[in-house]
>>> print(open('work.cif').read())   # mmCIF, C-alpha atoms and all ligand atoms
data_query
loop_
_atom_site.label_atom_id
_atom_site.label_comp_id
_atom_site.auth_asym_id
_atom_site.auth_seq_id
_atom_site.Cartn_x
_atom_site.Cartn_y
_atom_site.Cartn_z
CA ASP A 1 14.09 127.46 107.96
CA LEU A 2 12.07 125.84 110.68
CA VAL A 3 9.26 128.38 111.03
CA HIS A 4 8.67 128.31 107.33
CA ASP A 5 8.70 124.48 107.33
CA VAL A 6 6.11 124.29 110.06
CA ALA A 7 3.90 126.81 108.31
CA LEU A 8 4.22 124.91 105.05
CA GLN A 9 3.38 121.61 106.74
CA ASN A 10 0.36 123.14 108.37
CA SER A 11 -0.92 124.62 105.16
CA LYS A 12 -0.45 121.26 103.44
CA LEU A 13 -2.42 119.55 106.19
CA GLN A 14 -5.15 122.14 105.89
CA PHE A 15 -5.23 121.54 102.16
CA PHE A 16 -5.62 117.77 102.62
CA THR A 17 -8.33 118.30 105.16
CA ASN A 18 -10.30 120.47 102.77
CA ILE A 19 -9.85 118.15 99.82
CA SER A 20 -10.84 115.13 101.86
CA HIS A 21 -14.09 116.75 102.87
CA GLU A 22 -14.83 117.58 99.27
CA LEU A 23 -14.19 114.00 98.15
CA ARG A 24 -16.29 112.25 100.72
CA THR A 25 -19.71 113.11 99.38
CA PRO A 26 -19.27 112.03 95.76
CA LEU A 27 -17.51 108.88 96.92
CA THR A 28 -20.31 107.98 99.26
CA LEU A 29 -22.83 108.43 96.45
CA LEU A 30 -20.71 106.35 94.12
CA ILE A 31 -20.56 103.49 96.62
CA ALA A 32 -24.31 103.56 97.14
CA LYS A 33 -24.85 103.34 93.37
CA ILE A 34 -22.46 100.42 93.01
CA ASP A 35 -24.17 98.61 95.88
CA ALA A 36 -27.48 99.02 94.12
CA TYR A 37 -26.06 97.52 90.93
CA VAL A 38 -24.55 94.62 92.89
CA ASN A 39 -27.97 93.83 94.29
CA GLU A 40 -29.65 94.05 90.90
CA SER A 41 -27.16 91.84 89.11
CA GLN A 42 -27.38 88.08 88.85
CA PRO A 43 -26.01 86.54 92.06
CA GLY A 44 -22.70 84.83 91.46
CA SER A 45 -22.35 86.17 87.92
CA SER A 46 -19.09 87.55 86.68
CA LEU A 47 -20.69 90.96 86.29
CA GLN A 48 -21.62 90.90 89.93
CA ARG A 49 -18.11 89.90 90.92
CA LYS A 50 -16.69 92.78 88.95
CA LEU A 51 -19.15 95.23 90.42
CA LYS A 52 -18.23 94.03 93.85
CA GLY A 53 -14.56 94.55 93.11
CA LEU A 54 -15.45 98.05 92.03
CA GLY A 55 -17.40 98.62 95.23
CA GLU A 56 -14.57 97.32 97.40
CA ASN A 57 -12.09 99.64 95.79
CA ALA A 58 -14.43 102.61 96.04
CA SER A 59 -14.91 101.83 99.72
CA HIS A 60 -11.21 101.66 100.15
CA LEU A 61 -10.83 105.01 98.52
CA LEU A 62 -13.30 106.43 100.97
CA GLU A 63 -11.33 104.90 103.80
CA LEU A 64 -8.16 106.48 102.53
CA VAL A 65 -9.87 109.81 102.34
CA ASN A 66 -11.08 109.39 105.89
CA GLU A 67 -7.58 108.48 106.79
CA LEU A 68 -6.28 111.75 105.49
CA LEU A 69 -8.74 113.40 107.77
CA ASP A 70 -7.44 111.27 110.61
CA PHE A 71 -3.93 112.22 109.81
CA ARG A 72 -3.86 115.06 112.26
CA LYS A 73 -4.91 112.71 115.00
CA ILE A 74 -1.86 110.52 114.55
CA ASP A 75 0.18 113.64 114.24
CA GLN A 76 -0.95 114.82 117.61
CA GLY A 77 -0.80 111.41 119.25
CA PHE A 78 -4.55 110.86 119.33
CA ILE A 79 -4.62 107.42 117.78
CA HIS A 80 -5.53 104.81 120.30
CA LEU A 81 -4.53 101.29 119.35
CA LYS A 82 -6.90 98.39 119.88
CA VAL A 83 -4.85 95.23 119.53
CA SER A 84 -6.28 91.74 119.33
CA GLU A 85 -4.86 88.44 118.26
CA TYR A 86 -5.27 87.58 114.59
CA ASP A 87 -3.71 85.19 112.14
CA MET A 88 -1.37 87.49 110.25
CA VAL A 89 -1.14 85.08 107.32
CA ALA A 90 -4.88 85.13 106.68
CA PHE A 91 -5.02 88.85 107.33
CA ALA A 92 -2.19 89.74 104.96
CA ARG A 93 -3.52 87.37 102.32
CA LYS A 94 -6.87 89.12 102.36
CA ILE A 95 -5.25 92.47 101.62
CA PHE A 96 -2.99 90.83 99.08
CA GLU A 97 -6.07 89.57 97.26
CA SER A 98 -7.55 93.02 96.82
CA PHE A 99 -4.73 93.78 94.36
CA GLU A 100 -4.93 90.50 92.50
CA GLU A 101 -7.13 91.67 89.65
CA TYR A 102 -5.08 94.77 89.20
CA ALA A 103 -1.87 92.73 89.02
CA GLU A 104 -3.44 90.47 86.45
CA SER A 105 -4.62 93.34 84.29
CA LYS A 106 -1.11 94.84 84.26
CA HIS A 107 0.56 91.46 83.72
CA ILE A 108 2.52 91.78 86.91
CA LYS A 109 3.73 88.59 88.54
CA TYR A 110 2.27 88.80 91.99
CA THR A 111 3.02 86.34 94.77
CA PHE A 112 2.13 85.68 98.36
CA THR A 113 4.24 83.47 100.60
CA SER A 114 4.48 82.74 104.28
CA SER A 115 6.87 80.80 106.48
CA HIS A 116 3.97 79.06 108.29
CA PRO A 117 0.35 78.30 107.34
CA SER A 118 -0.78 80.60 110.12
CA ILE A 119 1.02 83.04 112.42
CA PRO A 120 -0.89 84.37 115.41
CA CYS A 121 0.05 87.96 116.19
CA TRP A 122 -1.31 90.85 118.23
CA PHE A 123 -2.07 94.02 116.30
CA ASP A 124 -4.67 96.63 115.51
CA SER A 125 -6.30 95.30 112.37
CA LYS A 126 -7.59 98.64 111.12
CA GLN A 127 -4.20 100.28 111.40
CA MET A 128 -2.22 97.29 110.14
CA GLU A 129 -4.41 97.14 107.07
CA LYS A 130 -3.19 100.62 106.18
CA VAL A 131 0.43 99.54 106.57
CA ILE A 132 0.15 96.60 104.19
CA TYR A 133 -2.14 98.44 101.83
CA ASN A 134 0.21 101.41 101.54
CA LEU A 135 3.29 99.28 100.98
CA LEU A 136 1.55 97.24 98.30
CA SER A 137 0.19 100.37 96.59
CA ASN A 138 3.69 101.80 96.45
CA ALA A 139 5.11 98.56 95.08
CA PHE A 140 2.52 98.62 92.27
CA LYS A 141 3.17 102.27 91.64
CA TYR A 142 6.93 101.90 91.20
CA VAL A 143 7.17 98.40 89.73
CA ARG A 144 8.58 98.22 86.22
CA LYS A 145 6.09 98.20 83.39
CA GLU A 146 7.48 95.15 81.59
CA ASN A 147 7.94 91.88 83.50
CA GLY A 148 6.99 93.52 86.73
CA GLU A 149 7.04 91.50 89.93
CA VAL A 150 5.51 92.32 93.28
CA GLY A 151 5.50 90.10 96.32
CA LEU A 152 4.27 89.96 99.86
CA GLN A 153 5.79 87.63 102.39
CA VAL A 154 4.94 86.93 106.02
CA LEU A 155 7.65 85.39 108.15
CA SER A 156 7.75 84.33 111.75
CA GLU A 157 11.01 84.12 113.65
CA ASN A 158 11.04 83.55 117.39
CA GLU A 159 9.13 86.40 119.01
CA HIS A 160 9.00 88.49 115.86
CA LEU A 161 7.01 88.72 112.73
CA TYR A 162 8.25 90.15 109.45
CA LEU A 163 6.22 91.50 106.59
CA LYS A 164 8.15 91.98 103.40
CA VAL A 165 6.84 93.81 100.37
CA TRP A 166 9.06 93.95 97.34
CA ASP A 167 8.96 95.04 93.73
CA ASN A 168 11.40 94.98 90.85
CA GLY A 169 10.86 98.62 89.94
CA THR A 170 12.66 101.92 89.86
CA GLY A 171 14.18 101.51 93.30
CA ILE A 172 15.24 104.34 95.57
CA SER A 173 18.60 106.04 95.62
CA GLN A 174 20.83 105.68 98.68
CA LYS A 175 20.56 109.37 99.36
CA ASP A 176 16.75 109.23 99.46
CA ILE A 177 16.36 106.11 101.57
CA PRO A 178 16.90 107.85 104.92
CA HIS A 179 14.16 110.37 104.08
CA ILE A 180 11.35 108.45 102.43
CA PHE A 181 9.61 107.88 105.75
CA ASP A 182 9.49 111.62 106.38
CA ARG A 183 6.19 113.30 105.87
CA PHE A 184 5.69 114.83 102.41
CA TYR A 185 9.04 113.59 101.23
CA GLN A 186 9.06 112.41 97.66
CA ALA A 187 12.19 110.98 96.15
CA GLU A 188 13.56 111.97 92.75
CA ASN A 189 12.13 108.86 91.16
CA ASP A 190 8.68 110.22 91.75
CA ILE A 191 9.17 113.40 89.77
CA SER A 192 9.02 111.76 86.38
CA ARG A 193 5.73 110.15 87.24
CA VAL A 194 3.96 113.01 88.88
CA ALA A 195 1.72 113.45 85.89
CA SER A 196 0.43 109.88 85.88
CA SER A 197 0.06 109.27 89.60
CA PRO A 198 0.86 112.19 91.81
CA GLY A 199 1.73 111.06 95.31
CA THR A 200 1.34 112.84 98.59
CA GLY A 201 4.41 111.73 100.46
CA ILE A 202 2.11 110.70 103.29
CA GLY A 203 1.89 106.94 102.84
CA LEU A 204 5.24 105.90 104.25
CA ALA A 205 5.12 108.43 107.08
CA LEU A 206 1.82 106.89 108.12
CA VAL A 207 3.27 103.38 107.80
CA LYS A 208 6.16 104.32 110.06
CA ASP A 209 3.92 105.93 112.68
CA ILE A 210 1.62 102.93 112.83
CA VAL A 211 4.47 100.42 112.97
CA GLN A 212 6.12 102.38 115.78
CA LEU A 213 2.88 102.44 117.73
CA HIS A 214 3.05 98.65 117.44
CA HIS A 215 6.57 98.68 118.94
CA GLY A 216 8.01 97.64 115.62
CA GLU A 217 10.30 99.00 112.97
CA VAL A 218 10.08 99.54 109.26
CA LYS A 219 12.98 99.90 106.88
CA ALA A 220 13.62 99.97 103.18
CA GLU A 221 16.37 98.35 101.19
CA SER A 222 16.82 99.18 97.59
CA SER A 223 19.08 98.95 94.65
CA GLU A 224 18.39 101.69 92.17
CA GLY A 225 17.07 100.37 88.91
CA TYR A 226 16.45 96.89 90.36
CA GLY A 227 13.73 97.38 92.91
CA SER A 228 12.96 97.83 96.57
CA VAL A 229 11.96 95.80 99.55
CA PHE A 230 10.16 97.19 102.57
CA ILE A 231 10.48 95.20 105.78
CA VAL A 232 8.17 95.63 108.73
CA GLU A 233 9.21 93.97 111.95
CA LEU A 234 6.64 93.51 114.71
CA PRO A 235 6.55 91.79 118.08
CA LYS A 236 4.04 88.94 117.91
CA GLY A 237 2.98 89.04 121.55
CA LYS A 238 0.93 91.49 123.54
CA ASP A 239 3.39 92.16 126.37
CA LEU A 240 4.43 95.59 125.12
CA TYR A 241 0.91 96.97 124.87
CA LYS A 242 -0.78 98.88 127.61
CA GLU A 243 -3.73 97.25 129.23
CA ASP A 244 -6.22 99.68 127.72
CA GLU A 245 -4.88 98.93 124.23
CA ILE A 246 -5.62 95.22 124.48
CA GLN A 247 -8.98 94.02 123.29
CA ASN A 248 -9.54 90.37 123.91
CA GLN A 249 -12.62 90.17 121.77
CA PRO A 250 -11.21 90.85 118.30
CA THR A 251 -13.04 93.04 115.84
CA PRO A 252 -13.36 91.11 112.59
CA PRO A 253 -10.26 92.07 110.60
CA MET A 254 -12.27 93.17 107.65
CA GLU A 255 -15.98 93.23 107.44
CA ILE A 256 -16.73 90.29 105.22
CA PRO A 257 -20.46 89.84 105.20
CA VAL A 258 -21.04 86.25 106.23
CA LEU A 259 -23.96 85.64 103.95
CA HIS A 260 -24.44 87.01 100.51
CA PRO A 261 -26.67 90.08 100.90
CA SER A 262 -29.02 89.08 98.10
CA SER A 263 -29.34 85.43 99.00
CA THR A 264 -32.44 85.15 101.09
CA VAL A 265 -33.19 81.46 101.06
CA ASP A 266 -36.70 80.21 101.11
CA PRO A 267 -36.71 77.26 103.53
CA GLU A 268 -39.07 75.57 101.05
CA ASP A 269 -36.12 75.35 98.69
CA ILE A 270 -34.54 72.86 100.98
CA VAL A 271 -35.56 69.36 99.95
CA PRO A 272 -37.30 67.52 102.75
CA LEU A 273 -34.81 64.90 103.44
CA GLU A 274 -35.28 61.50 104.77
CA LYS A 275 -33.16 58.49 104.39
CA SER A 276 -34.67 55.24 103.21
CA ASP A 277 -35.16 54.29 106.87
CA HIS A 278 -37.01 57.60 107.45
CA SER A 279 -34.35 58.96 109.72
CA ARG A 280 -33.03 62.43 109.02
CA TYR A 281 -29.78 63.26 107.33
CA THR A 282 -27.09 64.74 109.54
CA ILE A 283 -25.11 67.77 108.43
CA LEU A 284 -21.92 68.81 110.15
CA LEU A 285 -21.17 72.54 109.93
CA VAL A 286 -17.57 73.53 110.67
CA GLU A 287 -17.02 77.27 110.88
CA ASP A 288 -15.18 79.57 113.29
CA ASN A 289 -17.27 82.63 112.53
CA GLU A 290 -20.06 82.33 115.06
CA GLU A 291 -22.46 84.49 113.09
CA LEU A 292 -22.15 82.42 109.94
CA LEU A 293 -22.25 79.17 111.90
CA LEU A 294 -25.54 80.09 113.55
CA THR A 295 -27.02 81.48 110.35
CA LEU A 296 -26.34 78.21 108.57
CA GLN A 297 -27.64 76.21 111.49
CA GLU A 298 -30.87 78.15 111.39
CA LEU A 299 -31.14 77.59 107.67
CA PHE A 300 -30.72 73.84 107.79
CA GLN A 301 -32.16 72.71 111.07
CA LYS A 302 -35.70 72.38 109.74
CA SER A 303 -34.72 69.68 107.30
CA TYR A 304 -31.62 68.18 108.81
CA HIS A 305 -30.13 67.08 112.01
CA VAL A 306 -27.40 69.72 112.36
CA ILE A 307 -24.20 69.39 114.35
CA LEU A 308 -21.73 72.20 114.86
CA ALA A 309 -17.97 72.48 115.20
CA ARG A 310 -15.88 75.62 115.55
CA ASP A 311 -12.57 74.50 114.10
CA GLY A 312 -11.16 71.63 112.06
CA LYS A 313 -10.08 69.59 115.02
CA GLU A 314 -13.49 69.76 116.63
CA GLY A 315 -14.99 68.87 113.25
CA LEU A 316 -12.79 65.80 113.00
CA GLY A 317 -13.87 64.80 116.52
CA LYS A 318 -17.54 65.12 115.55
CA VAL A 319 -16.99 62.95 112.49
CA ARG A 320 -15.40 60.32 114.70
CA GLU A 321 -18.32 60.20 117.12
CA MET A 322 -21.42 61.01 115.05
CA LYS A 323 -21.02 59.85 111.44
CA PRO A 324 -22.54 62.85 109.63
CA ASP A 325 -23.90 62.36 106.10
CA LEU A 326 -22.53 65.62 104.78
CA ILE A 327 -19.96 68.21 105.87
CA VAL A 328 -19.85 71.93 105.13
CA SER A 329 -16.52 73.32 106.23
CA ASP A 330 -14.73 76.64 106.35
CA ILE A 331 -11.06 76.64 105.32
CA MET A 332 -9.35 79.33 107.37
CA MET A 333 -9.86 78.30 110.97
CA PRO A 334 -7.77 78.29 114.12
CA VAL A 335 -6.24 75.11 115.56
CA MET A 336 -6.77 73.00 112.41
CA ASN A 337 -7.77 74.40 109.04
CA GLY A 338 -10.32 72.91 106.67
CA TYR A 339 -7.81 71.30 104.33
CA GLU A 340 -6.05 69.47 107.15
CA ALA A 341 -9.33 68.37 108.67
CA ALA A 342 -10.57 67.03 105.30
CA LYS A 343 -7.36 65.06 104.81
CA MET A 344 -7.63 63.57 108.29
CA ILE A 345 -11.28 62.66 107.76
CA ARG A 346 -10.45 60.95 104.47
CA SER A 347 -7.73 58.94 106.14
CA LEU A 348 -9.95 57.66 108.97
CA ASP A 349 -10.25 53.93 108.94
CA ARG A 350 -13.95 53.90 108.12
CA GLU A 351 -15.75 53.38 104.83
CA ASP A 352 -18.26 56.24 105.24
CA ALA A 353 -15.45 58.73 106.04
CA LYS A 354 -13.87 58.12 102.65
CA VAL A 355 -16.98 59.08 100.69
CA ILE A 356 -18.94 61.48 102.84
CA PRO A 357 -19.42 64.67 100.77
CA ILE A 358 -17.40 67.65 102.02
CA ILE A 359 -18.19 71.16 100.81
CA ALA A 360 -15.50 73.78 101.30
CA MET A 361 -16.30 77.42 101.99
CA THR A 362 -13.40 79.72 101.30
CA ALA A 363 -12.82 83.43 101.35
CA ASN A 364 -12.31 83.46 97.60
CA ALA A 365 -12.86 81.34 94.57
CA PHE A 366 -9.44 81.37 93.02
CA THR A 367 -8.38 78.31 91.14
CA GLU A 368 -5.58 77.63 93.58
CA ASP A 369 -8.01 77.26 96.47
CA LYS A 370 -10.24 75.03 94.43
CA MET A 371 -7.29 72.83 93.61
CA ARG A 372 -6.18 72.65 97.22
CA ALA A 373 -9.71 71.74 98.27
CA LYS A 374 -9.78 68.95 95.69
CA GLU A 375 -6.38 67.71 96.77
CA ALA A 376 -7.54 67.58 100.36
CA GLY A 377 -10.42 65.34 99.26
CA MET A 378 -13.20 67.91 99.33
CA ASP A 379 -16.00 67.49 96.79
CA GLU A 380 -17.38 70.95 96.23
CA HIS A 381 -16.24 74.47 96.74
CA ILE A 382 -18.22 77.61 97.38
CA ALA A 383 -16.93 81.13 97.86
CA LYS A 384 -17.57 83.50 100.73
CA PRO A 385 -19.65 85.47 101.33
CA VAL A 386 -21.76 82.35 101.16
CA ASP A 387 -24.58 82.49 98.68
CA GLY A 388 -27.23 80.64 100.65
CA LYS A 389 -29.22 79.67 97.55
CA LEU A 390 -26.18 78.17 95.94
CA LEU A 391 -25.24 76.26 99.06
CA VAL A 392 -28.73 74.82 99.36
CA LYS A 393 -28.65 73.80 95.72
CA VAL A 394 -25.31 72.06 96.09
CA ILE A 395 -26.45 70.26 99.22
CA ASN A 396 -29.75 69.19 97.67
CA GLU A 397 -27.94 67.72 94.73
CA LEU A 398 -25.46 65.83 96.87
CA VAL A 399 -28.24 64.39 98.98
CA LYS A 400 -30.40 63.45 96.00
CA ARG A 401 -27.43 61.67 94.54
CA ASP A 402 -27.22 59.69 97.76
CA GLN A 403 -30.96 58.94 97.74
CA ARG A 404 -30.78 57.32 94.34
P1 LIG A 501 3.86 108.92 97.77
O1 LIG A 501 2.47 109.32 97.98
O2 LIG A 501 4.69 109.94 97.09
O3 LIG A 501 4.01 107.58 97.17
P2 LIG A 501 5.04 107.72 100.12
O4 LIG A 501 5.24 108.29 101.49
O5 LIG A 501 4.22 106.52 100.00
O6 LIG A 501 4.45 108.90 99.26
O7 LIG A 501 6.45 107.46 99.51
C1 LIG A 501 7.48 108.43 99.63
C2 LIG A 501 8.46 108.28 98.49
O8 LIG A 501 9.18 107.05 98.63
C3 LIG A 501 7.81 108.20 97.13
O9 LIG A 501 7.59 109.47 96.60
C4 LIG A 501 8.80 107.40 96.33
O10 LIG A 501 9.79 108.26 95.82
C5 LIG A 501 9.48 106.51 97.36
N1 LIG A 501 8.97 105.12 97.31
C6 LIG A 501 8.06 104.57 98.13
N2 LIG A 501 7.85 103.27 97.82
C7 LIG A 501 8.64 102.99 96.77
C8 LIG A 501 8.89 101.81 95.98
N3 LIG A 501 8.26 100.65 96.22
N4 LIG A 501 9.80 101.91 94.98
C9 LIG A 501 10.43 103.07 94.75
N5 LIG A 501 10.25 104.21 95.44
C10 LIG A 501 9.37 104.17 96.46
#
>>> encode(input="work.cif", output="C-alpha cells", more="lines below")
Ligand code: ADP
Amino acid sequence: DLVHDVALQNSKLQFFTNISHELRTPLTLLIAKIDAYVNESQPGSSLQRKLKGLGENASHLLELVNELLDFRKIDQGFIHLKVSEYDMVAFARKIFESFEEYAESKHIKYTFTSSHPSIPCWFDSKQMEKVIYNLLSNAFKYVRKENGEVGLQVLSENEHLYLKVWDNGTGISQKDIPHIFDRFYQAENDISRVASSPGTGIGLALVKDIVQLHHGEVKAESSEGYGSVFIVELPKGKDLYKEDEIQNQPTPPMEIPVLHPSSTVDPEDIVPLEKSDHSRYTILLVEDNEELLLTLQELFQKSYHVILARDGKEGLGKVREMKPDLIVSDIMMPVMNGYEAAKMIRSLDREDAKVIPIIAMTANAFTEDKMRAKEAGMDEHIAKPVDGKLLVKVINELVKRDQR
C-alpha cells in the first residue's frame, strides 16, 4: 500500500544518507594518499599512470557517494541545471576512456563510435557525466563474462542527439523493462548477482531524472539472453532551457589539470636557441584551452619567439603567414581539430611546411591516437596533462636536430 511504500522509500533514503556520510571520510583519506604516491612516483612511468587511474576511480567513487547525498535534492526538484555548449563526442569519449582499462582487464570488446567527429550540444556536463557513467557501469555489470561486448555511440540527427550504450549480456525481460527506471527497482536478473555486486536500483532512476531535466528521453530495448541497449535522446540546442539555466561560459567538462602537477620546469632546461643567422626560433602553439596556452607561452617565450593560435584553422593561418620553425598542437579543438590542421599544413605548397616538426598533445596516449597523429603527418606525440619537462626535452631535441 501507498503509505507503506512511502515510508519504505523514506527509510531507504535515510539509510543511503547515513551510509554516504560514513563513506566520505575514508574515501577522502584514500584519495589524499594516492595523490601523494602519484607525486612521489617517476613522472610518466607506468606505475604513475596506474596510480593515477586508481586516484581517478577513487575520486569517482567519492563523487558517486556525494551524489547519493544529492539524491534528495533531485527528488525534491532542487537540482538546478547549468547548461553550456560542449562537443558531446569529446565529452562522451572522455568518460568512455575511464572504463578502458577495466574492459581490457576483463577481456571485454569495448568500442566507441560517433556519426560525426564532433557534435556540439547544450547540456549540464556534471549531470550528463552521471548519465553516461551510470549506463556504462550497468553495461559492464550485466555484460556476459565470455566474449563480452560493450559499446558507446554518439549520433547526431537533425536537431537531436542520441547516446547509445549497449552490451551483449543478460538482457532484461519484457515485464521488467517498463519498471527499471523506477527508483529502487531491481529486475530479476539482478538477484543472482546480488552477492557479487549488489545494486541500489538508483542508477537508472537518476539517469531518467537528469535526461528529463534536459528535455530528453531515455529508453531501453532488450532481448533477454542477448543483451540490452539504452538510448538517450537529447535536444542539441538551448532553446528549451530557461534563461537562468544557460551558462555561456562553460565549466570545463571534467577537470583535467592542464599541466602535469609534478612537472615544474626550470627555464634553464630550455636550450638557448638561435639559428645560424642568430635570429630566434619561432614556435607556434595551437591550443583551445586558454590556461594551457598561456602556461606554455610563458614557459617558452624566454627562449623562443612564440605565436599563438586557438584552433586548428587559426593555426593553419599562422603557418601560412609566419613560417614557424616548430608547432605544438592540441588535437581536440573547435572549428578544425589538430589532425585536420596537420594534414592541411603538410599539403601546403611550400617546402618548409612539409618538414616543420609538429608535436601533438592529446588527452590520452593510446596507440590509436598515436597512429592517427602519425598518419596526419605529426612527428611526436605527448599526452595530457602535459608533462612540461618532457615537452621541453622533445622540443630541445627537435631543435638540436635542426641545428646540426
Ligand atoms: P542497480 O544499482 O540495481 O544496477 P539501476 O537503476 O542502475 O540499479 O538498474 C535497475 C535494474 O535494471 C538493475 O537492477 C538491472 O536489473 C536492470 N539493468 C540495468 N542495466 C542493465 C543492463 N545493461 N543489462 C541488464 N539489466 C540491466
>>> residues_around(input="work.cif", residues="stretch 158-172 of chain A", least_positions_apart="3", cutoff="8 Å", atoms="only C-alpha atoms", output="number ranges by chain")
A: 121, 135-136, 139-140, 142-144, 148-155, 176-177, 187, 189, 222-237
>>> closest_residue(input="work.cif", among="A:Ile79, A:Ala32, A:Ile202, A:Ala92", to="ligand LIG 501 (chain A)", atoms="all atoms listed in the file")
A:Ile202
>>> residues_around(input="work.cif", residues="A:Gly44", least_positions_apart="5", cutoff="9 Å", atoms="all atoms listed in the file", output="mmCIF file with C-alpha atoms, keeping the file's coordinate frame")
data_model
loop_
_atom_site.group_PDB
_atom_site.id
_atom_site.type_symbol
_atom_site.label_atom_id
_atom_site.label_comp_id
_atom_site.auth_asym_id
_atom_site.auth_seq_id
_atom_site.Cartn_x
_atom_site.Cartn_y
_atom_site.Cartn_z
ATOM 1 C CA ARG A 49 -18.110 89.900 90.920
ATOM 2 C CA ASP A 387 -24.580 82.490 98.680
ATOM 3 C CA LEU A 390 -26.180 78.170 95.940
#
>>> atom_distance(input="work.cif", atom1="atom CA of A:Leu206", atom2="atom CA of A:Asp182")
9.2 Å
>>> atom_distance(input="work.cif", atom1="atom CA of A:Gly216", atom2="atom CA of A:Asn248")
20.7 Å
>>> closest_residue(input="work.cif", among="A:Gln301, A:Ser59, A:Gln212, A:Asn66", to="A:Val131", atoms="only C-alpha atoms")
A:Gln212
>>> atom_distance(input="work.cif", atom1="atom CA of A:Phe112", atom2="atom N1 of ligand LIG 501 (chain A)")
20.6 Å
>>> residues_around(input="work.cif", residues="A:Glu243", least_positions_apart="4", cutoff="10 Å", atoms="all atoms listed in the file", output="PyMOL selection string")
chain A and resi 82-83+238-239+247
>>> closest_residue(input="work.cif", among="A:Lys313, A:Lys130, A:Arg320, A:His4", to="ligand LIG 501 (chain A)", atoms="all atoms listed in the file")
A:Lys130
>>> closest_residue(input="work.cif", among="A:Lys106, A:Arg401, A:His179, A:His215", to="ligand LIG 501 (chain A)", atoms="all atoms listed in the file")
A:His179
>>> closest_residue(input="work.cif", among="A:Lys393, A:Arg346, A:Lys323, A:Lys175", to="A:Glu221", atoms="only C-alpha atoms")
A:Lys175
>>> residues_around(input="work.cif", residues="A:Lys374", least_positions_apart="2", cutoff="12 Å", atoms="all atoms listed in the file", output="number ranges by chain")
A: 338-339, 342-343, 346, 357-360, 367-372, 376-381
>>> closest_residue(input="work.cif", among="A:Ser279, A:Ser347, A:Asn138, A:Asn337", to="ligand LIG 501 (chain A)", atoms="only C-alpha atoms and all ligand atoms")
A:Asn138
>>> residues_around(input="work.cif", residues="A:Asp330", least_positions_apart="5", cutoff="12 Å", atoms="all atoms listed in the file", output="NGL selection string")
:A and (258 or 284-290 or 292-293 or 296 or 308-312 or 315 or 336-342 or 358-364 or 369 or 373 or 378 or 380-386)
